[in-house]
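Data block for run14.txt (compact mmCIF, N, CA and C atoms):
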# COMPACT_ATOMS: atom_id res chain seq x y z
N MET F 124 71.71 -92.42 -52.09
CA MET F 124 70.75 -93.20 -51.33
C MET F 124 70.03 -92.29 -50.34
N ALA F 125 68.73 -92.37 -50.32
CA ALA F 125 67.92 -91.54 -49.44
C ALA F 125 67.34 -92.39 -48.30
N ASN F 126 67.00 -91.71 -47.21
CA ASN F 126 66.33 -92.37 -46.09
C ASN F 126 64.84 -92.10 -46.21
N LEU F 127 64.05 -93.18 -46.27
CA LEU F 127 62.62 -93.08 -46.42
C LEU F 127 61.95 -93.63 -45.17
N LEU F 128 60.83 -93.03 -44.79
CA LEU F 128 60.06 -93.48 -43.64
C LEU F 128 58.63 -93.71 -44.09
N MET F 129 58.10 -94.88 -43.78
CA MET F 129 56.71 -95.21 -44.08
C MET F 129 55.94 -95.29 -42.78
N ILE F 130 54.91 -94.45 -42.64
CA ILE F 130 54.05 -94.47 -41.46
C ILE F 130 52.75 -95.16 -41.87
N ASP F 131 52.61 -96.40 -41.41
CA ASP F 131 51.46 -97.24 -41.78
C ASP F 131 51.33 -98.36 -40.76
N ASP F 132 50.12 -98.61 -40.30
CA ASP F 132 49.90 -99.65 -39.30
C ASP F 132 49.70 -101.04 -39.89
N ASN F 133 49.59 -101.14 -41.20
CA ASN F 133 49.29 -102.41 -41.84
C ASN F 133 50.59 -103.12 -42.25
N PRO F 134 50.92 -104.26 -41.60
CA PRO F 134 52.15 -104.98 -41.95
C PRO F 134 52.19 -105.44 -43.41
N GLN F 135 51.03 -105.77 -43.97
CA GLN F 135 51.01 -106.19 -45.38
C GLN F 135 51.36 -105.04 -46.31
N SER F 136 50.86 -103.84 -45.99
CA SER F 136 51.21 -102.66 -46.79
C SER F 136 52.69 -102.35 -46.65
N GLN F 137 53.21 -102.45 -45.44
CA GLN F 137 54.64 -102.21 -45.21
C GLN F 137 55.48 -103.19 -46.04
N LYS F 138 55.09 -104.45 -46.00
CA LYS F 138 55.84 -105.48 -46.72
C LYS F 138 55.77 -105.24 -48.23
N TYR F 139 54.59 -104.91 -48.72
CA TYR F 139 54.38 -104.70 -50.15
C TYR F 139 55.20 -103.52 -50.66
N LEU F 140 55.07 -102.38 -50.00
CA LEU F 140 55.81 -101.20 -50.40
C LEU F 140 57.31 -101.41 -50.21
N GLY F 141 57.67 -102.03 -49.08
CA GLY F 141 59.08 -102.30 -48.80
C GLY F 141 59.73 -103.17 -49.86
N ARG F 142 59.02 -104.18 -50.32
CA ARG F 142 59.56 -105.07 -51.35
C ARG F 142 59.84 -104.28 -52.64
N ILE F 143 58.92 -103.43 -53.03
CA ILE F 143 59.12 -102.64 -54.26
C ILE F 143 60.33 -101.73 -54.11
N ILE F 144 60.40 -101.02 -53.00
CA ILE F 144 61.50 -100.07 -52.80
C ILE F 144 62.85 -100.79 -52.71
N ARG F 145 62.91 -101.88 -51.99
CA ARG F 145 64.19 -102.60 -51.83
C ARG F 145 64.66 -103.25 -53.13
N HIS F 146 63.72 -103.69 -53.96
CA HIS F 146 64.09 -104.35 -55.21
C HIS F 146 64.36 -103.38 -56.35
N ARG F 147 63.82 -102.18 -56.27
CA ARG F 147 63.92 -101.24 -57.38
C ARG F 147 64.80 -100.03 -57.09
N THR F 148 65.21 -99.83 -55.82
CA THR F 148 66.01 -98.65 -55.49
C THR F 148 67.10 -99.06 -54.50
N SER F 149 67.98 -98.11 -54.21
CA SER F 149 69.01 -98.33 -53.19
C SER F 149 68.69 -97.56 -51.91
N HIS F 150 67.46 -97.05 -51.80
CA HIS F 150 67.07 -96.25 -50.65
C HIS F 150 66.86 -97.12 -49.41
N ALA F 151 67.15 -96.54 -48.25
CA ALA F 151 66.88 -97.19 -46.97
C ALA F 151 65.44 -96.89 -46.57
N LEU F 152 64.74 -97.88 -46.06
CA LEU F 152 63.35 -97.71 -45.68
C LEU F 152 63.13 -98.18 -44.25
N VAL F 153 62.50 -97.30 -43.45
CA VAL F 153 62.18 -97.59 -42.05
C VAL F 153 60.67 -97.46 -41.92
N PHE F 154 60.09 -98.24 -41.00
CA PHE F 154 58.65 -98.25 -40.81
C PHE F 154 58.26 -97.75 -39.43
N ALA F 155 57.09 -97.12 -39.37
CA ALA F 155 56.46 -96.74 -38.10
C ALA F 155 54.99 -97.14 -38.21
N GLY F 156 54.42 -97.64 -37.11
CA GLY F 156 53.07 -98.16 -37.14
C GLY F 156 51.97 -97.18 -36.81
N ASP F 157 52.34 -95.99 -36.32
CA ASP F 157 51.32 -94.99 -35.98
C ASP F 157 51.97 -93.61 -35.93
N GLY F 158 51.16 -92.59 -35.67
CA GLY F 158 51.66 -91.22 -35.66
C GLY F 158 52.75 -90.96 -34.64
N PRO F 159 52.54 -91.33 -33.34
CA PRO F 159 53.59 -91.08 -32.36
C PRO F 159 54.91 -91.80 -32.68
N GLU F 160 54.82 -93.04 -33.14
CA GLU F 160 56.04 -93.76 -33.53
C GLU F 160 56.67 -93.09 -34.75
N GLY F 161 55.83 -92.59 -35.66
CA GLY F 161 56.34 -91.88 -36.82
C GLY F 161 57.14 -90.65 -36.43
N ILE F 162 56.61 -89.88 -35.48
CA ILE F 162 57.33 -88.70 -34.99
C ILE F 162 58.66 -89.12 -34.37
N GLU F 163 58.63 -90.19 -33.59
CA GLU F 163 59.86 -90.70 -32.96
C GLU F 163 60.89 -91.09 -34.02
N LYS F 164 60.45 -91.76 -35.06
CA LYS F 164 61.37 -92.18 -36.13
C LYS F 164 61.89 -90.96 -36.91
N ILE F 165 61.06 -89.94 -37.06
CA ILE F 165 61.52 -88.72 -37.73
C ILE F 165 62.67 -88.10 -36.95
N VAL F 166 62.53 -88.07 -35.62
CA VAL F 166 63.58 -87.53 -34.76
C VAL F 166 64.85 -88.35 -34.90
N GLU F 167 64.71 -89.68 -34.88
CA GLU F 167 65.87 -90.58 -34.93
C GLU F 167 66.50 -90.64 -36.32
N GLN F 168 65.68 -90.77 -37.34
CA GLN F 168 66.17 -91.10 -38.69
C GLN F 168 66.38 -89.90 -39.60
N ARG F 169 65.68 -88.81 -39.33
CA ARG F 169 65.72 -87.63 -40.20
C ARG F 169 65.52 -88.02 -41.66
N PRO F 170 64.36 -88.55 -41.99
CA PRO F 170 64.13 -89.05 -43.34
C PRO F 170 64.12 -87.96 -44.40
N ASP F 171 64.45 -88.38 -45.61
CA ASP F 171 64.44 -87.49 -46.76
C ASP F 171 63.07 -87.46 -47.44
N LEU F 172 62.24 -88.46 -47.13
CA LEU F 172 60.93 -88.57 -47.73
C LEU F 172 60.05 -89.41 -46.80
N LEU F 173 58.77 -89.03 -46.72
CA LEU F 173 57.82 -89.76 -45.88
C LEU F 173 56.71 -90.34 -46.75
N PHE F 174 56.32 -91.57 -46.42
CA PHE F 174 55.10 -92.17 -46.95
C PHE F 174 54.11 -92.15 -45.80
N LEU F 175 52.94 -91.60 -46.02
CA LEU F 175 51.97 -91.45 -44.94
C LEU F 175 50.64 -92.07 -45.32
N ASP F 176 50.21 -93.03 -44.51
CA ASP F 176 48.87 -93.57 -44.62
C ASP F 176 47.96 -92.64 -43.82
N LEU F 177 46.90 -92.18 -44.41
CA LEU F 177 46.00 -91.25 -43.72
C LEU F 177 45.08 -91.95 -42.73
N PHE F 178 44.98 -93.26 -42.81
CA PHE F 178 44.04 -94.01 -41.98
C PHE F 178 44.81 -94.81 -40.93
N LEU F 179 45.30 -94.10 -39.91
CA LEU F 179 46.08 -94.70 -38.84
C LEU F 179 45.23 -94.84 -37.58
N PRO F 180 45.43 -95.90 -36.81
CA PRO F 180 44.64 -96.04 -35.57
C PRO F 180 45.00 -94.96 -34.57
N GLY F 181 43.97 -94.31 -34.02
CA GLY F 181 44.17 -93.32 -32.99
C GLY F 181 44.77 -92.01 -33.47
N THR F 182 44.99 -91.88 -34.76
CA THR F 182 45.61 -90.68 -35.31
C THR F 182 44.85 -90.27 -36.57
N ASP F 183 44.52 -89.02 -36.67
CA ASP F 183 43.96 -88.52 -37.91
C ASP F 183 45.15 -88.21 -38.82
N GLY F 184 45.26 -88.93 -39.91
CA GLY F 184 46.38 -88.74 -40.82
C GLY F 184 46.46 -87.33 -41.38
N PHE F 185 45.32 -86.69 -41.56
CA PHE F 185 45.33 -85.30 -42.05
C PHE F 185 45.92 -84.37 -40.99
N GLU F 186 45.60 -84.60 -39.72
CA GLU F 186 46.19 -83.78 -38.65
C GLU F 186 47.69 -84.01 -38.56
N LEU F 187 48.12 -85.27 -38.66
CA LEU F 187 49.55 -85.56 -38.64
C LEU F 187 50.24 -84.88 -39.83
N PHE F 188 49.63 -84.95 -41.00
CA PHE F 188 50.16 -84.29 -42.18
C PHE F 188 50.33 -82.79 -41.92
N THR F 189 49.31 -82.17 -41.37
CA THR F 189 49.35 -80.73 -41.10
C THR F 189 50.44 -80.40 -40.09
N THR F 190 50.57 -81.21 -39.05
CA THR F 190 51.63 -81.01 -38.06
C THR F 190 53.00 -81.07 -38.72
N LEU F 191 53.21 -82.05 -39.59
CA LEU F 191 54.50 -82.20 -40.26
C LEU F 191 54.76 -81.04 -41.22
N ARG F 192 53.75 -80.60 -41.94
CA ARG F 192 53.91 -79.49 -42.89
C ARG F 192 54.15 -78.17 -42.17
N ASN F 193 53.60 -78.01 -40.98
CA ASN F 193 53.72 -76.75 -40.25
C ASN F 193 54.96 -76.67 -39.38
N HIS F 194 55.62 -77.79 -39.14
CA HIS F 194 56.81 -77.76 -38.28
C HIS F 194 58.04 -77.41 -39.11
N PRO F 195 58.89 -76.49 -38.61
CA PRO F 195 60.07 -76.07 -39.39
C PRO F 195 61.02 -77.21 -39.74
N ALA F 196 61.08 -78.24 -38.92
CA ALA F 196 62.01 -79.34 -39.18
C ALA F 196 61.54 -80.25 -40.30
N THR F 197 60.24 -80.26 -40.60
CA THR F 197 59.73 -81.19 -41.59
C THR F 197 58.90 -80.54 -42.69
N HIS F 198 58.79 -79.23 -42.68
CA HIS F 198 57.91 -78.60 -43.67
C HIS F 198 58.40 -78.79 -45.11
N ASN F 199 59.68 -79.03 -45.31
CA ASN F 199 60.20 -79.26 -46.66
C ASN F 199 60.37 -80.73 -47.01
N VAL F 200 60.13 -81.62 -46.07
CA VAL F 200 60.29 -83.04 -46.34
C VAL F 200 59.11 -83.50 -47.21
N PRO F 201 59.41 -84.11 -48.36
CA PRO F 201 58.32 -84.57 -49.22
C PRO F 201 57.47 -85.64 -48.53
N ILE F 202 56.17 -85.57 -48.75
CA ILE F 202 55.24 -86.54 -48.18
C ILE F 202 54.41 -87.11 -49.32
N ILE F 203 54.52 -88.42 -49.49
CA ILE F 203 53.69 -89.14 -50.45
C ILE F 203 52.61 -89.86 -49.66
N ILE F 204 51.38 -89.58 -49.99
CA ILE F 204 50.24 -90.21 -49.35
C ILE F 204 50.03 -91.58 -50.00
N HIS F 205 49.78 -92.59 -49.19
CA HIS F 205 49.47 -93.90 -49.76
C HIS F 205 48.30 -94.51 -49.01
N THR F 206 47.57 -95.36 -49.69
CA THR F 206 46.43 -95.99 -49.06
C THR F 206 46.08 -97.30 -49.75
N ALA F 207 45.62 -98.23 -48.95
CA ALA F 207 45.09 -99.49 -49.47
C ALA F 207 43.57 -99.47 -49.43
N VAL F 208 43.01 -98.38 -48.89
CA VAL F 208 41.56 -98.23 -48.74
C VAL F 208 41.04 -97.35 -49.88
N PRO F 209 39.97 -97.79 -50.55
CA PRO F 209 39.39 -96.91 -51.58
C PRO F 209 38.96 -95.58 -50.95
N LEU F 210 39.26 -94.49 -51.62
CA LEU F 210 38.98 -93.17 -51.08
C LEU F 210 37.55 -92.73 -51.41
N ASP F 211 36.85 -92.29 -50.37
CA ASP F 211 35.50 -91.77 -50.61
C ASP F 211 35.61 -90.33 -51.12
N ASP F 212 34.48 -89.75 -51.51
CA ASP F 212 34.48 -88.41 -52.09
C ASP F 212 35.00 -87.34 -51.13
N VAL F 213 34.63 -87.45 -49.87
CA VAL F 213 35.07 -86.46 -48.88
C VAL F 213 36.58 -86.51 -48.71
N THR F 214 37.15 -87.70 -48.63
CA THR F 214 38.60 -87.84 -48.48
C THR F 214 39.32 -87.30 -49.72
N GLN F 215 38.78 -87.56 -50.89
CA GLN F 215 39.39 -87.04 -52.12
C GLN F 215 39.39 -85.51 -52.13
N ILE F 216 38.31 -84.92 -51.66
CA ILE F 216 38.25 -83.45 -51.58
C ILE F 216 39.29 -82.95 -50.59
N ARG F 217 39.39 -83.59 -49.43
CA ARG F 217 40.38 -83.18 -48.43
C ARG F 217 41.80 -83.31 -48.99
N LEU F 218 42.06 -84.35 -49.76
CA LEU F 218 43.39 -84.54 -50.35
C LEU F 218 43.73 -83.43 -51.34
N ARG F 219 42.75 -82.96 -52.08
CA ARG F 219 43.00 -81.88 -53.04
C ARG F 219 43.35 -80.57 -52.34
N ARG F 220 42.99 -80.46 -51.09
CA ARG F 220 43.22 -79.21 -50.34
C ARG F 220 44.58 -79.15 -49.65
N ILE F 221 45.32 -80.26 -49.65
CA ILE F 221 46.63 -80.27 -49.00
C ILE F 221 47.72 -80.41 -50.06
N THR F 222 48.91 -79.92 -49.73
CA THR F 222 50.03 -79.97 -50.67
C THR F 222 50.90 -81.17 -50.35
N HIS F 223 50.61 -82.27 -51.02
CA HIS F 223 51.41 -83.48 -50.86
C HIS F 223 52.22 -83.70 -52.12
N ASP F 224 53.12 -84.68 -52.08
CA ASP F 224 54.03 -84.91 -53.21
C ASP F 224 53.62 -86.11 -54.05
N GLY F 225 52.42 -86.58 -53.85
CA GLY F 225 51.93 -87.68 -54.66
C GLY F 225 50.96 -88.53 -53.86
N LEU F 226 50.16 -89.26 -54.60
CA LEU F 226 49.20 -90.19 -54.01
C LEU F 226 49.41 -91.54 -54.66
N VAL F 227 49.58 -92.55 -53.82
CA VAL F 227 49.78 -93.91 -54.30
C VAL F 227 48.68 -94.77 -53.71
N GLU F 228 47.91 -95.38 -54.60
CA GLU F 228 46.86 -96.28 -54.14
C GLU F 228 47.26 -97.71 -54.47
N PHE F 229 46.99 -98.61 -53.54
CA PHE F 229 47.33 -100.01 -53.74
C PHE F 229 46.32 -100.63 -54.70
N PRO F 230 46.69 -101.53 -55.58
CA PRO F 230 48.06 -102.02 -55.78
C PRO F 230 48.92 -100.95 -56.46
N ILE F 231 50.16 -100.92 -56.06
CA ILE F 231 51.09 -99.91 -56.53
C ILE F 231 51.85 -100.44 -57.74
N GLU F 232 51.95 -99.61 -58.75
CA GLU F 232 52.79 -99.96 -59.89
C GLU F 232 54.20 -99.48 -59.57
N ALA F 233 55.17 -100.38 -59.63
CA ALA F 233 56.54 -100.08 -59.22
C ALA F 233 57.13 -98.90 -59.98
N SER F 234 56.90 -98.82 -61.27
CA SER F 234 57.49 -97.73 -62.04
C SER F 234 56.91 -96.38 -61.63
N GLU F 235 55.61 -96.34 -61.32
CA GLU F 235 54.98 -95.09 -60.87
C GLU F 235 55.51 -94.69 -59.49
N LEU F 236 55.67 -95.66 -58.61
CA LEU F 236 56.22 -95.37 -57.28
C LEU F 236 57.64 -94.81 -57.40
N ASN F 237 58.46 -95.42 -58.22
CA ASN F 237 59.83 -94.93 -58.41
C ASN F 237 59.84 -93.53 -59.00
N ARG F 238 58.94 -93.25 -59.92
CA ARG F 238 58.84 -91.92 -60.51
C ARG F 238 58.50 -90.88 -59.46
N LEU F 239 57.51 -91.19 -58.61
CA LEU F 239 57.12 -90.26 -57.55
C LEU F 239 58.25 -90.03 -56.55
N ILE F 240 58.93 -91.10 -56.18
CA ILE F 240 60.06 -90.98 -55.24
C ILE F 240 61.13 -90.08 -55.83
N ASN F 241 61.50 -90.31 -57.07
CA ASN F 241 62.56 -89.51 -57.70
C ASN F 241 62.18 -88.04 -57.80
N ILE F 242 60.95 -87.76 -58.20
CA ILE F 242 60.50 -86.36 -58.30
C ILE F 242 60.51 -85.70 -56.93
N ALA F 243 59.99 -86.41 -55.92
CA ALA F 243 59.92 -85.84 -54.57
C ALA F 243 61.31 -85.59 -54.00
N LEU F 244 62.23 -86.50 -54.21
CA LEU F 244 63.58 -86.33 -53.68
C LEU F 244 64.32 -85.18 -54.38
N LYS F 245 64.08 -85.01 -55.66
CA LYS F 245 64.70 -83.89 -56.36
C LYS F 245 64.17 -82.56 -55.83
N ARG F 246 62.89 -82.53 -55.48
CA ARG F 246 62.28 -81.32 -54.95
C ARG F 246 62.84 -80.96 -53.57
N ASN F 247 63.20 -81.98 -52.81
CA ASN F 247 63.67 -81.75 -51.44
C ASN F 247 65.15 -81.39 -51.45
N SER F 248 65.43 -80.12 -51.58
CA SER F 248 66.82 -79.69 -51.64
C SER F 248 67.35 -79.19 -50.31
N SER F 249 66.47 -79.04 -49.32
CA SER F 249 66.93 -78.51 -48.03
C SER F 249 67.14 -79.63 -47.02
N GLN F 250 67.96 -79.36 -46.06
CA GLN F 250 68.25 -80.31 -44.99
C GLN F 250 67.11 -80.32 -43.97
N THR F 251 66.83 -81.50 -43.42
CA THR F 251 65.87 -81.60 -42.34
C THR F 251 66.53 -81.07 -41.08
N GLN F 252 65.84 -80.19 -40.37
CA GLN F 252 66.37 -79.63 -39.13
C GLN F 252 66.06 -80.55 -37.97
N LYS F 253 66.63 -80.25 -36.80
CA LYS F 253 66.35 -81.02 -35.61
C LYS F 253 64.86 -80.91 -35.27
N TRP F 254 64.24 -82.04 -34.99
CA TRP F 254 62.82 -82.07 -34.66
C TRP F 254 62.63 -81.72 -33.19
N VAL F 255 61.85 -80.70 -32.94
CA VAL F 255 61.42 -80.35 -31.59
C VAL F 255 59.92 -80.37 -31.64
N PRO F 256 59.28 -81.31 -30.90
CA PRO F 256 57.81 -81.42 -30.98
C PRO F 256 57.14 -80.10 -30.65
N PRO F 257 56.05 -79.81 -31.37
CA PRO F 257 55.33 -78.56 -31.09
C PRO F 257 54.73 -78.60 -29.69
N SER F 258 54.68 -77.45 -29.05
CA SER F 258 54.11 -77.40 -27.71
C SER F 258 52.61 -77.44 -27.80
N ALA F 259 52.00 -77.97 -26.74
CA ALA F 259 50.53 -78.14 -26.73
C ALA F 259 49.83 -76.85 -26.46
Before anything else, please render the file you have as structure tokens.
Amino acid sequence: MANLLMIDDNPQSQKYLGRIIRHRTSHALVFAGDGPEGIEKIVEQRPDLLFLDLFLPGTDGFELFTTLRNHPATHNVPIIIHTAVPLDDVTQIRLRRITHDGLVEFPIEASELNRLINIALKRNSSQTQKWVPPSA
């Protein structure tokens, strides 16, 4: 059983993804509504995999992604990008430039989500280190 963290401000998206994960896997799932809460949950929960919505209020999801990828405590933690918003051309180009572990667009097909989770968790062979926020 893995610990999963979903960073998304939309309660409907949380409920939808949560229902699929709880019904199809034995993984534990925790939610955060924005970037700062997500960082807090990472410190508390030490997740094995992150789901990240790039369109968070007050937070640029790409900047949060970069922070997580560049920090030694989370650089090996798989990150699956998810969105309920249709992606424009610029966002698609930006997504191609980052190393994520999958993209899930709503509506999500349960079998595809499970496949991405399993692949990402197999890739994550290292332990998450203690999170120390980067200095400003």
Counting all atoms listed in the file, figure out which residue out of F:Leu244, F:Ile216, F:Leu128, F:His194 gets nearest to F:Lys164.
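Closest residue, counting all atoms listed in the file: F:Leu128.
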Exercise: stretch 138-140 of chain F partners within 9 Å, only C-alpha atoms, chain neighbours under 5 positions left out, as a PyMOL selection string:
chain F and resi 129+133+145+230-231+233
Pairwise distance for atom C of F:Ile242 and atom CA of F:Thr182, rounded to one decimal in Å
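Going from atom C of F:Ile242 over to atom CA of F:Thr182 covers 26.7 Å.
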Could you state the separation of atom N of F:Leu179 and atom CA of F:Asp132 in Å, given to one decimal place?
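So the answer is 7.2 Å.
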Test item, strand (DSSP E) assignment across stretch 130-211 of chain F, answer as an MDAnalysis selection string:
chainID F and resid 130 151:155 172:176 178:179 182:183 202:206
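Between atom CA of F:Ile203 and atom CA of F:Leu177 there is a distance of 10.4 Å.
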Please determine, counting only N, CA and C atoms, which residue among F:His198, F:Val153, F:Pro170, F:Gly158 has the shortest atom-to-atom distance to F:Gly184.
F:Gly158
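Proximity ranking of F:Pro195, F:Ala243, F:Leu226, F:Ile221 relative to F:Ala125 places F:Ala243 first, based on only C-alpha atoms.
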Can you tell me which residues surround F:Thr206 at a distance of at most 7 Å, considering all atoms listed in the file, apart from same-chain residues fewer than 3 positions away, and format the answer as a compact mmCIF listing (two decimals) with N, CA and C atoms, in the coordinates of the input?
# COMPACT_ATOMS: atom_id res chain seq x y z
N LEU F 175 52.94 -91.60 -46.02
CA LEU F 175 51.97 -91.45 -44.94
C LEU F 175 50.64 -92.07 -45.32
N ASP F 176 50.21 -93.03 -44.51
CA ASP F 176 48.87 -93.57 -44.62
C ASP F 176 47.96 -92.64 -43.82
N LEU F 177 46.90 -92.18 -44.41
CA LEU F 177 46.00 -91.25 -43.72
C LEU F 177 45.08 -91.95 -42.73
N PHE F 178 44.98 -93.26 -42.81
CA PHE F 178 44.04 -94.01 -41.98
C PHE F 178 44.81 -94.81 -40.93
N PRO F 209 39.97 -97.79 -50.55
CA PRO F 209 39.39 -96.91 -51.58
C PRO F 209 38.96 -95.58 -50.95
N LEU F 226 50.16 -89.26 -54.60
CA LEU F 226 49.20 -90.19 -54.01
C LEU F 226 49.41 -91.54 -54.66
N VAL F 227 49.58 -92.55 -53.82
CA VAL F 227 49.78 -93.91 -54.30
C VAL F 227 48.68 -94.77 -53.71
N GLU F 228 47.91 -95.38 -54.60
CA GLU F 228 46.86 -96.28 -54.14
C GLU F 228 47.26 -97.71 -54.47
N PHE F 229 46.99 -98.61 -53.54
CA PHE F 229 47.33 -100.01 -53.74
C PHE F 229 46.32 -100.63 -54.70
Please report, as an MDAnalysis selection string, each residue of stretch 166-202 of chain F to which DSSP assigns alpha helix (DSSP H) when run on this structure's backbone.
chainID F and resid 166:168 184:193
Determine the nearest neighbour of F:Arg169 from the options F:Ile143, F:Leu152, F:Leu127, F:Val208, counting only N, CA and C atoms.
F:Leu127
So, counting all atoms listed in the file, which residue among F:Leu191, F:Asp212, F:Pro180, F:Leu172 is closest to F:Ile240?
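For F:Ile240, the nearest of the candidates is F:Leu172.
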